[in-house]
>>> print(open('my_file-v5.cif').read())   # mmCIF, C-alpha atoms
data_entry
#
loop_
_atom_site.label_atom_id
_atom_site.label_comp_id
_atom_site.auth_asym_id
_atom_site.auth_seq_id
_atom_site.Cartn_x
_atom_site.Cartn_y
_atom_site.Cartn_z
CA LYS A 75 13.67 27.84 14.85
CA ALA A 76 12.27 25.38 17.40
CA ASP A 77 10.48 26.88 20.42
CA LYS A 78 9.16 25.01 23.47
CA ALA A 79 5.83 24.22 21.81
CA THR A 80 7.54 22.83 18.71
CA VAL A 81 9.86 20.66 20.79
CA ARG A 82 6.91 19.31 22.79
CA ARG A 83 4.98 18.47 19.60
CA HIS A 84 8.03 16.60 18.33
CA ASN A 85 8.45 14.71 21.60
CA LEU A 86 4.76 13.77 21.68
CA SER A 87 5.26 12.13 18.29
CA LEU A 88 8.47 10.50 19.50
CA VAL A 89 6.71 8.90 22.47
CA LEU A 90 3.63 7.84 20.50
CA ARG A 91 5.76 6.24 17.79
CA ALA A 92 7.81 4.45 20.46
CA VAL A 93 4.64 2.87 21.88
CA HIS A 94 3.37 2.08 18.38
CA ASP A 95 6.60 0.44 17.23
CA ALA A 96 7.05 -1.58 20.43
CA GLY A 97 3.45 -2.79 20.54
CA GLU A 98 3.46 -2.20 24.28
CA ALA A 99 5.81 -0.29 26.56
CA THR A 100 6.17 1.29 29.99
CA ARG A 101 7.03 4.89 30.72
CA ALA A 102 10.47 3.81 31.97
CA GLY A 103 11.07 1.72 28.86
CA ILE A 104 10.13 4.62 26.59
CA ALA A 105 12.41 7.00 28.48
CA ALA A 106 15.34 4.62 28.05
CA HIS A 107 14.56 4.12 24.36
CA VAL A 108 14.06 7.74 23.26
CA GLY A 109 16.53 9.42 25.60
CA LEU A 110 14.10 11.65 27.53
CA THR A 111 13.78 11.84 31.31
CA ARG A 112 11.10 9.75 33.00
CA ALA A 113 9.40 12.91 34.21
CA ALA A 114 9.24 14.29 30.66
CA VAL A 115 7.90 11.00 29.29
CA SER A 116 5.26 10.81 32.03
CA SER A 117 4.03 14.30 31.15
CA LEU A 118 3.88 13.44 27.45
CA VAL A 119 2.09 10.16 28.13
CA GLU A 120 -0.54 11.97 30.20
CA GLN A 121 -1.22 14.26 27.25
CA LEU A 122 -1.47 11.30 24.87
CA LEU A 123 -3.86 9.58 27.30
CA GLU A 124 -5.97 12.75 27.36
CA TYR A 125 -6.04 12.81 23.55
CA GLY A 126 -7.10 9.16 23.51
CA PHE A 127 -4.10 8.03 21.46
CA VAL A 128 -2.75 5.57 24.04
CA THR A 129 -4.37 3.46 26.74
CA GLU A 130 -3.13 1.75 29.91
CA TRP A 131 -3.21 -2.06 30.00
CA GLY A 132 -2.40 -3.13 33.55
CA LYS A 133 0.93 -3.60 35.27
CA THR A 134 4.16 -5.30 34.35
CA SER A 135 7.22 -6.20 36.40
CA SER A 136 10.80 -5.85 35.19
CA GLY A 137 12.04 -8.28 37.84
CA GLN A 138 13.94 -5.48 39.54
CA VAL A 139 13.32 -3.70 42.82
CA GLY A 140 10.60 -1.06 42.66
CA ARG A 141 6.98 -0.64 41.70
CA PRO A 142 5.76 -2.47 38.57
CA GLY A 143 5.30 -0.26 35.52
CA THR A 144 2.03 0.44 33.73
CA VAL A 145 1.80 -1.06 30.26
CA LEU A 146 0.92 1.38 27.48
CA LYS A 147 -0.52 0.51 24.07
CA VAL A 148 -1.84 2.62 21.23
CA SER A 149 -5.60 2.96 21.43
CA ARG A 150 -7.90 0.68 19.43
CA SER A 151 -10.46 3.46 19.27
CA GLY A 152 -10.22 7.10 18.23
CA PRO A 153 -8.21 8.25 15.20
CA ALA A 154 -7.78 5.87 12.26
CA GLY A 155 -6.69 5.84 8.63
CA LEU A 156 -9.05 5.46 5.68
CA GLY A 157 -7.59 4.07 2.45
CA VAL A 158 -9.35 3.87 -0.91
CA GLU A 159 -7.98 1.87 -3.86
CA ILE A 160 -9.60 2.59 -7.21
CA ASN A 161 -8.51 0.03 -9.77
CA ILE A 162 -9.67 -1.00 -13.23
CA ASP A 163 -12.30 -3.50 -12.16
CA TYR A 164 -12.82 -2.94 -8.44
CA VAL A 165 -12.77 -0.44 -5.58
CA THR A 166 -11.54 -1.37 -2.11
CA VAL A 167 -11.94 0.71 1.04
CA CYS A 168 -10.05 -0.06 4.24
CA VAL A 169 -10.04 1.45 7.75
CA VAL A 170 -6.92 0.81 9.86
CA ASP A 171 -6.54 1.76 13.53
CA LEU A 172 -3.40 3.29 15.07
CA ALA A 173 -1.99 -0.17 15.82
CA GLY A 174 -2.19 -1.03 12.11
CA THR A 175 -5.08 -3.46 12.48
CA ASP A 176 -7.45 -3.76 9.51
CA ARG A 177 -10.84 -2.97 11.14
CA VAL A 178 -13.16 -2.37 8.17
CA ARG A 179 -12.81 -3.65 4.59
CA LEU A 180 -15.34 -3.21 1.79
CA VAL A 181 -14.88 -4.27 -1.85
CA GLU A 182 -17.08 -3.65 -4.88
CA HIS A 183 -16.36 -5.12 -8.32
CA TYR A 184 -17.31 -3.24 -11.46
CA ASP A 185 -15.59 -2.21 -14.67
CA ASN A 186 -14.33 1.35 -14.31
CA ARG A 187 -13.00 1.57 -17.87
CA GLY A 188 -14.98 3.98 -19.99
CA ALA A 189 -16.89 5.41 -17.00
CA GLN A 190 -16.65 9.11 -16.28
CA PRO A 191 -14.09 9.87 -13.55
CA SER A 192 -16.73 11.75 -11.54
CA GLU A 193 -18.95 8.64 -11.61
CA VAL A 194 -16.15 6.33 -10.49
CA LEU A 195 -15.11 8.70 -7.71
CA ALA A 196 -18.73 9.08 -6.56
CA ARG A 197 -19.02 5.29 -6.28
CA ALA A 198 -15.80 5.17 -4.30
CA ALA A 199 -17.04 7.96 -2.03
CA ARG A 200 -20.25 6.03 -1.33
CA LEU A 201 -18.23 2.98 -0.33
CA ALA A 202 -15.97 5.17 1.82
CA ALA A 203 -19.01 6.69 3.56
CA ARG A 204 -20.23 3.18 4.39
CA ALA A 205 -16.80 2.33 5.81
CA ILE A 206 -16.80 5.49 7.94
CA GLY A 207 -20.18 4.45 9.35
CA SER A 208 -18.90 0.96 10.17
CA ALA A 209 -15.81 2.46 11.78
CA ALA A 210 -17.95 4.76 13.95
CA GLU A 211 -19.71 1.68 15.33
CA GLN A 212 -16.28 0.62 16.60
CA ASP A 213 -15.52 4.09 18.05
CA LEU A 214 -13.07 4.85 15.26
CA ALA A 215 -12.89 8.18 13.44
CA PRO A 216 -10.75 8.40 10.29
CA ALA A 217 -8.36 11.36 10.41
CA GLY A 218 -8.23 11.60 6.62
CA VAL A 219 -8.56 9.72 3.34
CA HIS A 220 -5.76 8.57 1.05
CA VAL A 221 -6.78 7.50 -2.46
CA ALA A 222 -4.61 5.08 -4.48
CA LEU A 223 -4.99 4.94 -8.26
CA PRO A 224 -3.31 3.14 -11.19
CA GLY A 225 -1.61 6.01 -12.98
CA LEU A 226 0.68 9.01 -12.75
CA VAL A 227 -0.53 10.95 -9.73
CA THR A 228 0.85 14.29 -8.56
CA GLY A 229 -0.51 17.37 -6.79
CA GLY A 230 -3.93 15.82 -6.26
CA THR A 231 -4.38 15.12 -9.96
CA VAL A 232 -4.15 11.99 -12.08
CA ARG A 233 -1.97 13.17 -14.92
CA GLN A 234 -2.48 9.98 -16.89
CA ALA A 235 -4.10 6.62 -16.15
CA PRO A 236 -4.05 4.75 -19.49
CA ASN A 237 -5.99 1.68 -18.36
CA LEU A 238 -8.75 3.84 -16.88
CA GLY A 239 -8.70 6.25 -19.80
CA TRP A 240 -8.20 9.24 -17.47
CA GLN A 241 -6.29 12.40 -18.33
CA ARG A 242 -5.71 15.29 -15.92
CA VAL A 243 -8.44 14.39 -13.43
CA ALA A 244 -8.52 16.43 -10.20
CA VAL A 245 -9.05 13.33 -8.05
CA GLU A 246 -8.69 14.84 -4.59
CA GLY A 247 -11.13 17.69 -5.22
CA LEU A 248 -13.76 15.50 -6.92
CA PHE A 249 -13.55 12.79 -4.26
CA ALA A 250 -13.70 15.31 -1.39
CA GLN A 251 -16.81 16.94 -2.91
CA ALA A 252 -18.53 13.60 -3.42
CA LEU A 253 -17.78 12.48 0.16
CA LEU A 254 -18.91 15.78 1.65
CA ALA A 255 -22.19 15.59 -0.29
CA LEU A 256 -22.85 12.24 1.39
CA ARG A 257 -21.94 13.58 4.87
CA PRO A 258 -22.98 17.26 4.85
CA ALA A 259 -23.29 17.50 8.63
CA HIS A 260 -19.75 16.25 9.28
CA ARG A 261 -16.37 17.94 9.23
CA PRO A 262 -14.73 17.51 5.80
CA LEU A 263 -11.93 14.96 5.84
CA PRO A 264 -8.60 15.92 4.25
CA VAL A 265 -8.00 13.93 1.06
CA SER A 266 -4.62 12.95 -0.42
CA SER A 267 -3.69 10.65 -3.30
CA ASP A 268 -0.88 8.58 -4.82
CA ASN A 269 -0.12 5.79 -7.25
CA GLU A 270 -1.57 2.43 -6.17
CA ALA A 271 1.74 0.56 -6.49
CA ASN A 272 3.33 3.07 -4.11
CA ALA A 273 0.57 2.42 -1.58
CA ALA A 274 0.93 -1.36 -1.96
CA ALA A 275 4.70 -1.13 -1.47
CA LEU A 276 4.21 0.91 1.70
CA ALA A 277 1.78 -1.74 2.96
CA GLU A 278 4.49 -4.35 2.34
CA LEU A 279 6.98 -2.18 4.24
CA TRP A 280 4.71 -1.44 7.21
CA PHE A 281 2.69 -4.66 7.51
CA GLY A 282 4.55 -7.32 5.51
CA ALA A 283 8.19 -8.04 4.70
CA GLY A 284 9.34 -4.75 6.23
CA THR A 285 8.38 -5.99 9.68
CA ALA A 286 10.77 -8.92 9.16
CA GLY A 287 13.66 -6.61 8.31
CA VAL A 288 13.43 -6.37 4.50
CA ARG A 289 13.96 -2.63 4.00
CA SER A 290 15.03 -2.45 0.33
CA PHE A 291 12.83 -4.14 -2.27
CA LEU A 292 11.20 -3.79 -5.67
CA TYR A 293 7.44 -4.28 -5.53
CA LEU A 294 5.41 -5.33 -8.57
CA THR A 295 1.64 -5.41 -8.56
CA GLY A 296 0.10 -7.42 -11.38
CA GLU A 297 -3.39 -6.31 -12.27
CA ILE A 298 -4.85 -5.34 -15.66
CA GLY A 299 -1.84 -3.02 -15.70
CA ILE A 300 1.52 -3.64 -14.05
CA GLY A 301 2.54 -1.23 -11.33
CA GLY A 302 5.90 -0.96 -9.66
CA ALA A 303 7.47 0.77 -6.67
CA LEU A 304 10.93 0.79 -5.16
CA VAL A 305 11.66 0.99 -1.43
CA LEU A 306 15.28 1.70 -0.46
CA LYS A 307 16.34 1.52 3.20
CA GLY A 308 12.77 1.96 4.37
CA GLU A 309 11.98 4.96 2.14
CA LEU A 310 9.82 5.02 -0.98
CA LEU A 311 11.73 6.22 -4.04
CA ARG A 312 9.42 8.69 -5.81
CA GLY A 313 11.71 10.23 -8.40
CA ALA A 314 12.08 13.90 -9.30
CA HIS A 315 8.40 14.35 -10.18
CA GLY A 316 6.76 11.52 -8.23
CA PHE A 317 6.51 9.16 -11.21
CA ALA A 318 9.15 6.55 -10.36
CA GLY A 319 8.21 2.87 -10.66
CA GLU A 320 6.30 2.73 -13.96
CA ILE A 321 7.81 -0.65 -14.76
CA GLY A 322 4.73 -1.81 -16.67
CA HIS A 323 5.63 0.64 -19.41
CA MET A 324 9.23 -0.43 -19.83
CA VAL A 325 9.60 -1.63 -23.40
CA VAL A 326 10.14 -5.31 -24.10
CA ASP A 327 9.93 -4.99 -27.89
CA PRO A 328 9.80 -1.56 -29.61
CA ASP A 329 7.93 -3.18 -32.52
CA GLY A 330 5.49 -5.00 -30.25
CA PRO A 331 1.74 -4.46 -29.76
CA LEU A 332 0.37 -0.98 -29.12
CA CYS A 333 -0.11 -0.16 -25.43
CA ARG A 334 -2.80 2.11 -23.99
CA CYS A 335 -0.05 4.55 -23.00
CA GLY A 336 0.67 5.16 -26.70
CA ALA A 337 3.98 3.27 -26.91
CA ARG A 338 4.59 -0.17 -28.38
CA GLY A 339 5.81 -3.35 -26.76
CA CYS A 340 5.35 -2.38 -23.10
CA LEU A 341 5.71 -5.11 -20.46
CA GLU A 342 1.95 -4.91 -19.79
CA GLN A 343 1.30 -6.26 -23.28
CA TYR A 344 3.17 -9.45 -22.40
CA ALA A 345 2.71 -9.97 -18.66
CA GLY A 346 -0.38 -7.96 -17.70
CA GLN A 347 -3.60 -9.67 -16.67
CA ALA A 348 -5.26 -9.31 -20.07
CA ALA A 349 -2.19 -10.67 -21.89
CA LEU A 350 -1.99 -13.64 -19.51
CA LEU A 351 -5.64 -14.57 -19.98
CA LYS A 352 -5.58 -14.11 -23.75
CA ALA A 353 -2.49 -16.29 -24.12
CA ALA A 354 -4.21 -19.01 -22.08
CA GLY A 355 -7.34 -18.88 -24.25
CA ILE A 356 -9.48 -17.19 -21.58
CA ASP A 357 -11.63 -14.13 -22.27
CA ALA A 358 -9.44 -11.16 -21.28
CA GLY A 359 -12.51 -9.24 -20.09
CA THR A 360 -13.45 -11.75 -17.36
CA GLY A 361 -11.15 -10.07 -14.81
CA VAL A 362 -10.98 -11.71 -11.38
CA GLN A 363 -13.01 -14.72 -12.52
CA GLY A 364 -10.63 -15.18 -15.46
CA VAL A 365 -7.60 -15.18 -13.18
CA ALA A 366 -9.27 -17.78 -10.94
CA GLU A 367 -9.93 -19.91 -14.04
CA LEU A 368 -6.30 -19.53 -15.13
CA GLU A 369 -5.18 -20.73 -11.71
CA ARG A 370 -7.53 -23.74 -11.91
CA ARG A 371 -6.18 -24.66 -15.35
CA ALA A 372 -2.60 -24.32 -14.14
CA ARG A 373 -3.34 -26.64 -11.22
CA ARG A 374 -4.69 -29.18 -13.70
CA GLY A 375 -1.50 -28.83 -15.73
CA GLU A 376 -3.17 -27.60 -18.91
CA PRO A 377 -0.42 -26.75 -21.43
CA SER A 378 -1.99 -23.47 -22.65
CA ALA A 379 -2.21 -22.10 -19.09
CA LEU A 380 1.31 -23.18 -18.16
CA SER A 381 2.72 -21.79 -21.40
CA ALA A 382 1.00 -18.42 -20.90
CA ILE A 383 2.38 -18.09 -17.36
CA GLU A 384 5.85 -19.21 -18.46
CA ARG A 385 5.91 -16.60 -21.24
CA ALA A 386 4.81 -13.84 -18.87
CA GLY A 387 7.41 -14.96 -16.32
CA ARG A 388 10.22 -14.76 -18.87
CA GLN A 389 9.30 -11.21 -19.87
CA LEU A 390 8.92 -10.19 -16.24
CA GLY A 391 12.34 -11.63 -15.48
CA VAL A 392 13.98 -9.74 -18.32
CA VAL A 393 12.58 -6.38 -17.20
CA VAL A 394 13.00 -6.98 -13.46
CA SER A 395 16.64 -8.01 -13.92
CA GLY A 396 17.32 -4.58 -15.42
CA ALA A 397 15.76 -2.92 -12.37
CA VAL A 398 17.77 -5.16 -10.03
CA ASN A 399 20.99 -4.28 -11.85
CA LEU A 400 20.13 -0.58 -11.56
CA PHE A 401 18.99 -0.41 -7.92
CA ASP A 402 20.36 -3.54 -6.16
CA PRO A 403 17.37 -4.29 -3.86
CA ASP A 404 17.39 -7.09 -1.30
CA ALA A 405 14.24 -8.67 -2.71
CA VAL A 406 11.57 -8.51 -5.40
CA MET A 407 7.96 -8.81 -4.22
CA LEU A 408 5.21 -9.97 -6.57
CA GLY A 409 1.72 -8.83 -5.63
CA GLY A 410 -1.72 -8.67 -7.24
CA VAL A 411 -2.53 -11.59 -9.54
CA TYR A 412 1.15 -12.56 -9.55
CA ARG A 413 0.86 -13.56 -5.92
CA GLU A 414 -1.85 -16.11 -6.78
CA LEU A 415 0.19 -17.49 -9.71
CA MET A 416 3.52 -17.46 -7.89
CA GLY A 417 4.10 -21.22 -7.93
CA TRP A 418 4.07 -21.36 -11.73
CA LEU A 419 5.38 -17.85 -12.45
CA ALA A 420 8.43 -17.75 -10.17
CA PRO A 421 10.64 -20.37 -11.88
CA ALA A 422 10.69 -18.47 -15.18
CA VAL A 423 11.33 -15.14 -13.44
CA GLU A 424 14.10 -16.63 -11.31
CA ARG A 425 15.84 -18.18 -14.33
CA GLU A 426 16.04 -14.79 -16.03
CA LEU A 427 17.24 -13.10 -12.84
CA ALA A 428 19.96 -15.72 -12.32
CA LEU A 429 21.05 -15.31 -15.94
CA ARG A 430 20.98 -11.51 -16.18
CA VAL A 431 21.77 -9.96 -12.76
CA VAL A 432 25.45 -9.08 -12.96
CA SER A 433 26.20 -9.21 -9.22
CA GLY A 434 25.81 -12.98 -9.22
CA LEU A 435 23.83 -12.70 -5.97
CA TRP A 436 20.54 -13.78 -7.58
CA THR A 437 20.34 -17.54 -7.96
CA GLU A 438 17.33 -19.65 -8.89
CA ASP A 439 16.94 -20.87 -5.30
CA GLY A 440 18.07 -17.67 -3.59
CA LYS A 441 14.63 -16.87 -2.10
CA ARG A 442 14.99 -13.20 -3.01
CA LEU A 443 11.98 -13.38 -5.32
CA ARG A 444 8.97 -13.51 -3.00
CA ALA A 445 5.21 -13.40 -3.00
CA ALA A 446 3.89 -10.20 -1.49
CA SER A 447 2.43 -10.49 1.99
CA SER A 448 -1.27 -11.23 2.35
CA LEU A 449 -1.32 -8.40 4.92
CA GLY A 450 -0.37 -5.75 2.38
CA ASP A 451 -2.41 -4.22 -0.42
CA ALA A 452 -2.90 -0.73 -1.81
CA ALA A 453 -5.99 0.08 0.25
CA ARG A 454 -4.28 -0.89 3.50
CA GLY A 455 -1.13 0.96 2.53
CA ALA A 456 -3.22 4.05 1.76
CA ALA A 457 -4.88 3.82 5.18
CA GLY A 458 -1.42 3.42 6.70
CA VAL A 459 -0.35 6.74 5.15
CA ILE A 460 -3.02 8.50 7.23
CA VAL A 461 -2.02 6.60 10.37
CA ARG A 462 1.60 7.71 9.85
CA GLU A 463 0.46 11.31 9.57
CA VAL A 464 -1.29 11.04 12.95
CA LEU A 465 1.76 9.38 14.53
CA ALA A 466 3.98 12.14 13.12
CA ASP A 467 1.90 14.97 14.66
CA PRO A 468 -0.57 13.81 17.32
CA ALA A 469 -0.89 17.32 18.75
CA GLY A 470 -1.77 18.76 15.35
CA HIS A 471 -4.38 16.07 14.78
CA ALA A 472 -5.91 16.64 18.23
CA GLU A 473 -6.13 20.38 17.53
CA ARG A 474 -7.83 19.79 14.18
CA GLY A 475 -10.17 17.23 15.69
#
>>> encode(input="my_file-v5.cif", output="structure tokens")
Amino acid sequence: KADKATVRRHNLSLVLRAVHDAGEATRAGIAAHVGLTRAAVSSLVEQLLEYGFVTEWGKTSSGQVGRPGTVLKVSRSGPAGLGVEINIDYVTVCVVDLAGTDRVRLVEHYDNRGAQPSEVLARAARLAARAIGSAAEQDLAPAGVHVALPGLVTGGTVRQAPNLGWQRVAVEGLFAQALLALRPAHRPLPVSSDNEANAAALAELWFGAGTAGVRSFLYLTGEIGIGGALVLKGELLRGAHGFAGEIGHMVVDPDGPLCRCGARGCLEQYAGQAALLKAAGIDAGTGVQGVAELERRARRGEPSALSAIERAGRQLGVVVSGAVNLFDPDAVMLGGVYRELMGWLAPAVERELALRVVSGLWTEDGKRLRAASSLGDAARGAAGVIVREVLADPAGHAERG
């Protein structure tokens, strides 16, 4: 049952999200948008100003009779989101303010395969601690940490991450302990976690194609593994147990090469980063440098590079067409290394989509296959999760703070 305090907490969130979504707004504009009285909105705005969640930015005139309104924007200081992406060969940490601006970004490259999970998480915590320090210099204080990982993640635990070699790792607890050990005098930050493709898809929704009105899409992130996530009408589809989107382990050939997940013929074995590099005659262990070399060779028109990308594109198209037939999204977004190889990869993918999607809506020049936005990645999406939590309950965050 909602009491007065509960209703006020809800309305605080309503007003803060109205300012956030509009970019800037007046009290009168908010009242008209959310359906509250001007007096109620003014009271709520005063509380948000006191919390430091919004700021006043001068006056504006509507062109009508009466005093000009005061422009409100979400604050560029105060609460922020901290996102951590742990991938096979790098860790990225990102701090995003309430407006969604990327304010701190740190990246370290090293091979996490074969390393103990506690060691990898300790490295990530050290990078996060550095980011928190940089954020403090800008008067930003992360409200929490969201960790994105390439595997099956549920209840704070990585159930399985084949490319990392992790099984049943209590990620949230280990990361929280490592971060607290580096900042013993500070209040512990709440830690949450999710699959990295989910975080990247949310970044695309909040900072990329979603801002242009694309609300239903399939997102693929090509790294050493292939991650996938599905957004339908602005909501992430998680599945019954939180494991939806594992498109990299859809089987292309049941008699194909053995995958790290234990099955044979998974898409990753044909279109993952290692498979791409190997097919092009590049050392599969060279990671980011290898992908850059593949791109250089493709630009020069080298047959082995073009053939490797074409083969990967065909297999991607076969698998993606099945997902399109099943879920009917508006678009398919290709992120990770696929984004860099889009010019050579897309034609093969589009041919398969045009051939196999039964609706007939997917043509080779239909522009529904797109490169993921440069503004979206898993670390930024993870930071955005924390920002959304603050927007959803500003009063609760202020009380905790």
>>> resolve_selection(input="my_file-v5.cif", expression="the PyMOL selection byres ((chain A and resi 202) around 9)", output="list in words")
Leu156, Gly157, Val158, Thr166, Val167, Cys168, Leu180, Arg197, Ala198, Ala199, Arg200, Leu201, Ala203, Arg204, Ala205, Ile206, Gly207, Val219 and Leu253 of chain A
>>> write_last_selection(input="my_file-v5.cif", atoms="C-alpha atoms", output="mmCIF file, in the coordinates of the input")
data_model
loop_
_atom_site.group_PDB
_atom_site.id
_atom_site.type_symbol
_atom_site.label_atom_id
_atom_site.label_comp_id
_atom_site.auth_asym_id
_atom_site.auth_seq_id
_atom_site.Cartn_x
_atom_site.Cartn_y
_atom_site.Cartn_z
ATOM 1 C CA LEU A 156 -9.050 5.460 5.680
ATOM 2 C CA GLY A 157 -7.590 4.070 2.450
ATOM 3 C CA VAL A 158 -9.350 3.870 -0.910
ATOM 4 C CA THR A 166 -11.540 -1.370 -2.110
ATOM 5 C CA VAL A 167 -11.940 0.710 1.040
ATOM 6 C CA CYS A 168 -10.050 -0.060 4.240
ATOM 7 C CA LEU A 180 -15.340 -3.210 1.790
ATOM 8 C CA ARG A 197 -19.020 5.290 -6.280
ATOM 9 C CA ALA A 198 -15.800 5.170 -4.300
ATOM 10 C CA ALA A 199 -17.040 7.960 -2.030
ATOM 11 C CA ARG A 200 -20.250 6.030 -1.330
ATOM 12 C CA LEU A 201 -18.230 2.980 -0.330
ATOM 13 C CA ALA A 203 -19.010 6.690 3.560
ATOM 14 C CA ARG A 204 -20.230 3.180 4.390
ATOM 15 C CA ALA A 205 -16.800 2.330 5.810
ATOM 16 C CA ILE A 206 -16.800 5.490 7.940
ATOM 17 C CA GLY A 207 -20.180 4.450 9.350
ATOM 18 C CA VAL A 219 -8.560 9.720 3.340
ATOM 19 C CA LEU A 253 -17.780 12.480 0.160
#
>>> residues_around(input="my_file-v5.cif", residues="stretch 115-119 of chain A", least_positions_apart="4", cutoff="9 Å", atoms="all atoms listed in the file", output="CSV table (one decimal) with C-alpha atoms, in the coordinates of the input")
chain,number,residue,atom,x,y,z
A,82,ARG,CA,6.9,19.3,22.8
A,85,ASN,CA,8.4,14.7,21.6
A,86,LEU,CA,4.8,13.8,21.7
A,89,VAL,CA,6.7,8.9,22.5
A,90,LEU,CA,3.6,7.8,20.5
A,101,ARG,CA,7.0,4.9,30.7
A,102,ALA,CA,10.5,3.8,32.0
A,104,ILE,CA,10.1,4.6,26.6
A,105,ALA,CA,12.4,7.0,28.5
A,110,LEU,CA,14.1,11.6,27.5
A,111,THR,CA,13.8,11.8,31.3
A,123,LEU,CA,-3.9,9.6,27.3
A,124,GLU,CA,-6.0,12.8,27.4
A,128,VAL,CA,-2.8,5.6,24.0
A,146,LEU,CA,0.9,1.4,27.5
>>> atom_distance(input="my_file-v5.cif", atom1="atom CA of A:Ala244", atom2="atom CA of A:Gly409")
27.6 Å
>>> closest_residue(input="my_file-v5.cif", among="A:Leu380, A:Gly417, A:Gly455, A:Leu292", to="A:Asn399", atoms="all atoms listed in the file")
A:Leu292
>>> residues_around(input="my_file-v5.cif", residues="A:Asp327", least_positions_apart="2", cutoff="12 Å", atoms="all atoms listed in the file", output="list in words")
His323, Met324, Val325, Asp329, Gly330, Pro331, Leu332, Cys333, Ala337, Arg338, Gly339, Cys340, Leu341, Glu342, Gln343, Tyr344, Gln389, Val392 and Val393 of chain A
>>> closest_residue(input="my_file-v5.cif", among="A:Pro468, A:Gly336, A:Gly239, A:Pro377", to="A:Gln190", atoms="all atoms listed in the file")
A:Gly239
>>> atom_distance(input="my_file-v5.cif", atom1="atom CA of A:Ala445", atom2="atom CA of A:Val181")
22.1 Å
>>> atom_distance(input="my_file-v5.cif", atom1="atom CA of A:Ala472", atom2="atom CA of A:Tyr125")
6.6 Å
>>> decode(input="my_file-v5.cif", residues="stretch 260-275 of chain A", atoms="N, CA and C atoms", output="JSON list (two decimals), in the first residue's frame")
[["chain", "number", "residue", "atom", "x", "y", "z"],
["A", 260, "HIS", "N", 36.58, 4.29, 3.30],
["A", 260, "HIS", "CA", 35.40, 4.78, 2.60],
["A", 260, "HIS", "C", 34.23, 3.82, 2.77],
["A", 261, "ARG", "N", 33.03, 4.37, 2.58],
["A", 261, "ARG", "CA", 31.83, 3.56, 2.64],
["A", 261, "ARG", "C", 31.85, 2.53, 1.52],
["A", 262, "PRO", "N", 31.56, 1.26, 1.80],
["A", 262, "PRO", "CA", 31.54, 0.25, 0.74],
["A", 262, "PRO", "C", 30.49, 0.59, -0.32],
["A", 263, "LEU", "N", 30.86, 0.42, -1.57],
["A", 263, "LEU", "CA", 29.92, 0.66, -2.65],
["A", 263, "LEU", "C", 29.16, -0.63, -2.97],
["A", 264, "PRO", "N", 27.85, -0.53, -3.18],
["A", 264, "PRO", "CA", 27.10, -1.74, -3.61],
["A", 264, "PRO", "C", 27.60, -2.20, -4.97],
["A", 265, "VAL", "N", 27.70, -3.51, -5.13],
["A", 265, "VAL", "CA", 28.21, -4.11, -6.37],
["A", 265, "VAL", "C", 27.14, -5.00, -6.97],
["A", 266, "SER", "N", 26.90, -4.86, -8.27],
["A", 266, "SER", "CA", 26.00, -5.74, -9.00],
["A", 266, "SER", "C", 26.73, -6.24, -10.24],
["A", 267, "SER", "N", 26.13, -7.18, -10.97],
["A", 267, "SER", "CA", 26.83, -7.77, -12.11],
["A", 267, "SER", "C", 25.83, -8.28, -13.14],
["A", 268, "ASP", "N", 26.34, -8.48, -14.37],
["A", 268, "ASP", "CA", 25.50, -8.97, -15.47],
["A", 268, "ASP", "C", 26.41, -9.41, -16.60],
["A", 269, "ASN", "N", 25.81, -10.01, -17.61],
["A", 269, "ASN", "CA", 26.51, -10.39, -18.82],
["A", 269, "ASN", "C", 26.93, -9.15, -19.60],
["A", 270, "GLU", "N", 28.12, -9.19, -20.21],
["A", 270, "GLU", "CA", 28.64, -7.99, -20.88],
["A", 270, "GLU", "C", 27.83, -7.61, -22.12],
["A", 271, "ALA", "N", 27.26, -8.59, -22.83],
["A", 271, "ALA", "CA", 26.44, -8.24, -23.99],
["A", 271, "ALA", "C", 25.17, -7.52, -23.56],
["A", 272, "ASN", "N", 24.61, -7.91, -22.41],
["A", 272, "ASN", "CA", 23.44, -7.18, -21.89],
["A", 272, "ASN", "C", 23.79, -5.73, -21.62],
["A", 273, "ALA", "N", 24.95, -5.51, -21.00],
["A", 273, "ALA", "CA", 25.37, -4.14, -20.68],
["A", 273, "ALA", "C", 25.61, -3.34, -21.95],
["A", 274, "ALA", "N", 26.22, -3.96, -22.97],
["A", 274, "ALA", "CA", 26.47, -3.26, -24.22],
["A", 274, "ALA", "C", 25.16, -2.91, -24.92],
["A", 275, "ALA", "N", 24.19, -3.83, -24.87],
["A", 275, "ALA", "CA", 22.88, -3.56, -25.49],
["A", 275, "ALA", "C", 22.17, -2.41, -24.79]]
